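Read through the structure below, which is laid out as structure tokens, and then see the notes.
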Amino acid sequence: APLGQTVRAVADGEVIFSGYGLINGEGDKTDPYGIAVVIRHAFSFEGKTLYTVYGHFSEALVSAGQKVRAGDPIGSVGLTGNTTGPHLHFEVRIHENGEYKIQNPELWLVPPLDHGVLAGQIKGNNGVFLNSKILWLKSLDNDNSWTITTYSQSPIDRHLHDAFFQENFVQNDIPAGSYEISTSYNYKIYKITIQIVPGAVNYITFNGKPGFTEGYPANSSADDFLR
């Protein structure tokens, strides 16, 4: 994002942290998040408190204890903390059993009109998540293509996955249509043709030698998710 661009709150809530030191302690200017803002939101998810985190600001425009509404300016894009260029570091966190479970924010963002989301589990023959695995997504309707990388760490060990999707990759903002997704595993190329349905999370699974399949995780219920 351009340096100095205004960052706005994604939803109503209360600012519970603002400034340096999100990890290392308040005021620590060596903190990797740089100048950060954390909002505790005014609504919950399945009874759990929901937070959003915004990092690397050039300046914060809000203070701890301040109430904000969706769209209120809260800071400016900057270079503070561990960053190689100006950008917004954005997190969605769920507080459960004394822990903050980090969610992939792409699962929480409504896709643009006529676009969808692709998520899934990419595992090897032994059922273990494949970390930093490359996938190739190619449109069969035009020349659009994406290179997708799975999470660099186990989503289970790091509490990175969504409880329903149990994913280790997400790609948002994909135009609706027909696609081929492929990957290389044990010196062989595996591929599948899928449809990206607009306004929905489309889901695939890869299990090594058996290859790709479509559909939600076997141990999850679409009805549970919709509730």
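Every chain in the structure tokens has a letter given in the order shown (A, B, ...), and although residue numbers restart at 1 in each chain, ligands are simply numbered from 1 in the order shown.
The shell of residues at most 7 Å from A:Asn207, with only C-alpha atoms counted and near chain neighbours (fewer than 6 positions) removed, consists of Ile122, Lys123, Gly124, Asn125 and Gly127 of chain A.
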Would you list the contacts of stretch 95-97 of chain A as a PDB file with C-alpha atoms, in the first residue's frame, taking every protein, DNA or RNA residue within 8 Å and counting only C-alpha atoms, but skipping same-chain residues closer than 6 positions in sequence?
```
ATOM      1  CA  LYS A  48     -15.566 -16.055  21.297  1.00  0.00           C
ATOM      2  CA  THR A  49     -14.097 -12.543  21.380  1.00  0.00           C
ATOM      3  CA  LEU A  50     -12.916 -11.292  18.001  1.00  0.00           C
ATOM      4  CA  TYR A  51      -9.949  -8.952  17.432  1.00  0.00           C
TER       5      TYR A  51
END
```
Choose the residue, out of A:Ala176, A:Ala36, A:Leu113, A:Val7, that has the smallest atom-to-atom separation from A:Ser139; count only C-alpha atoms.
A:Ala176
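The residue that comes closest to A:Asp28, out of A:Gly81, A:Leu118, A:Thr147, A:Leu88 and on the basis of only C-alpha atoms, is A:Gly81.
You can rank A:Asn126, A:Ser152, A:Thr30, A:Gln121 by their closest distance to A:Thr83 using only C-alpha atoms, and at the top of that list sits A:Thr30.
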What's the 12 Å shell around stretch 100-104 of chain A, counting only C-alpha atoms, without same-chain residues fewer than 4 positions away, as a compact mmCIF listing (two decimals) with N, CA and C atoms, in the first residue's frame?
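In the end it all went to part_1.txt:
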```txt
# COMPACT_ATOMS: atom_id res chain seq x y z
N LYS A 48 -16.97 -16.37 21.03
CA LYS A 48 -15.57 -16.05 21.30
C LYS A 48 -15.29 -14.61 20.89
N THR A 49 -14.44 -13.93 21.66
CA THR A 49 -14.10 -12.54 21.38
C THR A 49 -13.25 -12.46 20.12
N LEU A 50 -13.56 -11.46 19.29
CA LEU A 50 -12.92 -11.29 18.00
C LEU A 50 -12.09 -10.01 18.00
N TYR A 51 -10.86 -10.09 17.49
CA TYR A 51 -9.95 -8.95 17.43
C TYR A 51 -9.42 -8.79 16.00
N THR A 52 -9.06 -7.55 15.65
CA THR A 52 -8.25 -7.33 14.46
C THR A 52 -7.00 -6.55 14.85
N VAL A 53 -5.89 -6.86 14.16
CA VAL A 53 -4.59 -6.27 14.43
C VAL A 53 -4.09 -5.59 13.17
N HIS A 89 0.10 -4.77 7.74
CA HIS A 89 0.01 -6.12 8.29
C HIS A 89 -1.34 -6.22 9.00
N PHE A 90 -2.19 -7.14 8.55
CA PHE A 90 -3.56 -7.24 9.07
C PHE A 90 -3.82 -8.66 9.57
N GLU A 91 -4.35 -8.77 10.77
CA GLU A 91 -4.67 -10.08 11.34
C GLU A 91 -6.10 -10.09 11.87
N VAL A 92 -6.72 -11.28 11.82
CA VAL A 92 -7.96 -11.56 12.55
C VAL A 92 -7.60 -12.59 13.62
N ARG A 93 -7.97 -12.30 14.86
CA ARG A 93 -7.67 -13.21 15.96
C ARG A 93 -8.95 -13.56 16.72
N ILE A 94 -9.03 -14.81 17.16
CA ILE A 94 -10.13 -15.27 18.02
C ILE A 94 -9.53 -15.65 19.36
N HIS A 95 -10.13 -15.15 20.44
CA HIS A 95 -9.63 -15.46 21.77
C HIS A 95 -10.42 -16.65 22.32
N GLU A 96 -9.70 -17.73 22.59
CA GLU A 96 -10.35 -18.96 23.05
C GLU A 96 -9.43 -19.68 24.02
N TRP A 108 -12.30 -14.03 5.92
CA TRP A 108 -13.23 -13.13 6.57
C TRP A 108 -13.63 -11.97 5.67
N LEU A 109 -12.97 -11.84 4.52
CA LEU A 109 -13.25 -10.72 3.62
C LEU A 109 -14.27 -11.14 2.57
N ALA A 119 -9.97 -22.32 -0.99
CA ALA A 119 -9.23 -22.75 0.19
C ALA A 119 -9.09 -24.27 0.14
N THR A 150 1.24 -22.71 0.22
CA THR A 150 0.60 -23.10 1.47
C THR A 150 1.31 -22.44 2.65
N TYR A 151 0.68 -22.48 3.81
CA TYR A 151 1.26 -21.87 5.00
C TYR A 151 2.66 -22.44 5.26
N PRO A 155 -0.59 -25.51 10.24
CA PRO A 155 -1.71 -24.72 10.75
C PRO A 155 -2.26 -25.24 12.07
N ILE A 156 -2.09 -26.51 12.35
CA ILE A 156 -2.58 -27.07 13.61
C ILE A 156 -1.65 -26.65 14.76
N ASP A 157 -0.34 -26.82 14.57
CA ASP A 157 0.61 -26.48 15.62
C ASP A 157 0.59 -25.00 15.95
N ARG A 158 0.33 -24.16 14.94
CA ARG A 158 0.42 -22.72 15.13
C ARG A 158 -0.96 -22.06 15.29
N HIS A 159 -2.02 -22.84 15.38
CA HIS A 159 -3.39 -22.31 15.52
C HIS A 159 -3.71 -21.34 14.39
N LEU A 160 -3.27 -21.68 13.19
CA LEU A 160 -3.45 -20.77 12.06
C LEU A 160 -4.70 -21.06 11.25
N HIS A 161 -5.29 -22.22 11.42
CA HIS A 161 -6.39 -22.59 10.55
C HIS A 161 -7.75 -22.27 11.16
N ASP A 162 -8.73 -22.14 10.28
CA ASP A 162 -10.10 -21.94 10.71
C ASP A 162 -10.65 -23.26 11.23
N ALA A 163 -11.47 -23.21 12.29
CA ALA A 163 -11.98 -24.44 12.92
C ALA A 163 -12.82 -25.27 11.97
N PHE A 164 -13.54 -24.62 11.06
CA PHE A 164 -14.35 -25.37 10.11
C PHE A 164 -13.52 -25.84 8.92
N PHE A 165 -12.82 -24.92 8.26
CA PHE A 165 -12.12 -25.27 7.03
C PHE A 165 -10.84 -26.06 7.27
N GLN A 166 -10.18 -25.83 8.40
CA GLN A 166 -8.95 -26.56 8.73
C GLN A 166 -7.96 -26.51 7.56
N GLU A 167 -7.84 -25.33 6.96
CA GLU A 167 -7.10 -25.14 5.72
C GLU A 167 -5.62 -24.90 5.96
N ASN A 168 -4.83 -25.07 4.91
CA ASN A 168 -3.45 -24.57 4.95
C ASN A 168 -3.12 -23.73 3.73
N PHE A 169 -4.16 -23.28 3.01
CA PHE A 169 -3.98 -22.21 2.03
C PHE A 169 -5.33 -21.56 1.74
N VAL A 170 -5.28 -20.29 1.37
CA VAL A 170 -6.47 -19.55 0.94
C VAL A 170 -6.05 -18.58 -0.16
N GLN A 171 -6.87 -18.46 -1.19
CA GLN A 171 -6.68 -17.44 -2.23
C GLN A 171 -8.01 -16.74 -2.45
N ASN A 172 -8.04 -15.43 -2.24
CA ASN A 172 -9.26 -14.65 -2.37
C ASN A 172 -9.31 -13.97 -3.74
```
Can you pull out every residue within 9 Å of stretch 8-20 of chain A, counting only C-alpha atoms, but drop anything in the same chain fewer than 3 positions away, and send it as a ChimeraX atom specification?
/A:23-31,33-43,51-52,57,59-76,81
Interface rows for stretch 23-141 of chain A against stretch 177-190 of chain A: nearest pair, Å to one decimal, 10 Å, only C-alpha atoms, as JSON lines:
```
{"residue": "A:Asp114", "atom": "CA", "partner": "A:Gly177", "partner_atom": "CA", "distance": 9.3}
{"residue": "A:His115", "atom": "CA", "partner": "A:Gly177", "partner_atom": "CA", "distance": 8.9}
{"residue": "A:Gly116", "atom": "CA", "partner": "A:Gly177", "partner_atom": "CA", "distance": 9.4}
{"residue": "A:Ile122", "atom": "CA", "partner": "A:Thr183", "partner_atom": "CA", "distance": 9.7}
{"residue": "A:Gly124", "atom": "CA", "partner": "A:Tyr185", "partner_atom": "CA", "distance": 8.2}
{"residue": "A:Asn125", "atom": "CA", "partner": "A:Tyr185", "partner_atom": "CA", "distance": 9.8}
{"residue": "A:Lys133", "atom": "CA", "partner": "A:Thr183", "partner_atom": "CA", "distance": 8.2}
{"residue": "A:Ile134", "atom": "CA", "partner": "A:Thr183", "partner_atom": "CA", "distance": 6.5}
{"residue": "A:Leu135", "atom": "CA", "partner": "A:Thr183", "partner_atom": "CA", "distance": 4.9}
{"residue": "A:Trp136", "atom": "CA", "partner": "A:Ser182", "partner_atom": "CA", "distance": 5.2}
{"residue": "A:Leu137", "atom": "CA", "partner": "A:Ile181", "partner_atom": "CA", "distance": 4.4}
{"residue": "A:Lys138", "atom": "CA", "partner": "A:Glu180", "partner_atom": "CA", "distance": 5.3}
{"residue": "A:Ser139", "atom": "CA", "partner": "A:Tyr179", "partner_atom": "CA", "distance": 4.4}
{"residue": "A:Leu140", "atom": "CA", "partner": "A:Tyr179", "partner_atom": "CA", "distance": 5.2}
{"residue": "A:Asp141", "atom": "CA", "partner": "A:Ser178", "partner_atom": "CA", "distance": 6.5}
```
May I have the selected residues written with C-alpha atoms, as a CSV table (one decimal), in the first residue's frame?
```
chain,number,residue,atom,x,y,z
A,114,ASP,CA,-18.7,-12.2,-9.3
A,115,HIS,CA,-15.5,-13.4,-7.5
A,116,GLY,CA,-15.0,-16.3,-5.1
A,122,ILE,CA,-2.6,-29.9,0.9
A,124,GLY,CA,1.3,-35.8,1.7
A,125,ASN,CA,0.8,-39.5,1.6
A,133,LYS,CA,4.0,-26.0,-1.0
A,134,ILE,CA,3.5,-24.4,-4.4
A,135,LEU,CA,0.2,-24.7,-6.3
A,136,TRP,CA,-0.6,-23.3,-9.7
A,137,LEU,CA,-4.1,-22.0,-10.5
A,138,LYS,CA,-4.9,-21.3,-14.2
A,139,SER,CA,-8.1,-19.9,-15.7
A,140,LEU,CA,-9.6,-22.0,-18.5
A,141,ASP,CA,-11.5,-19.0,-19.7
```
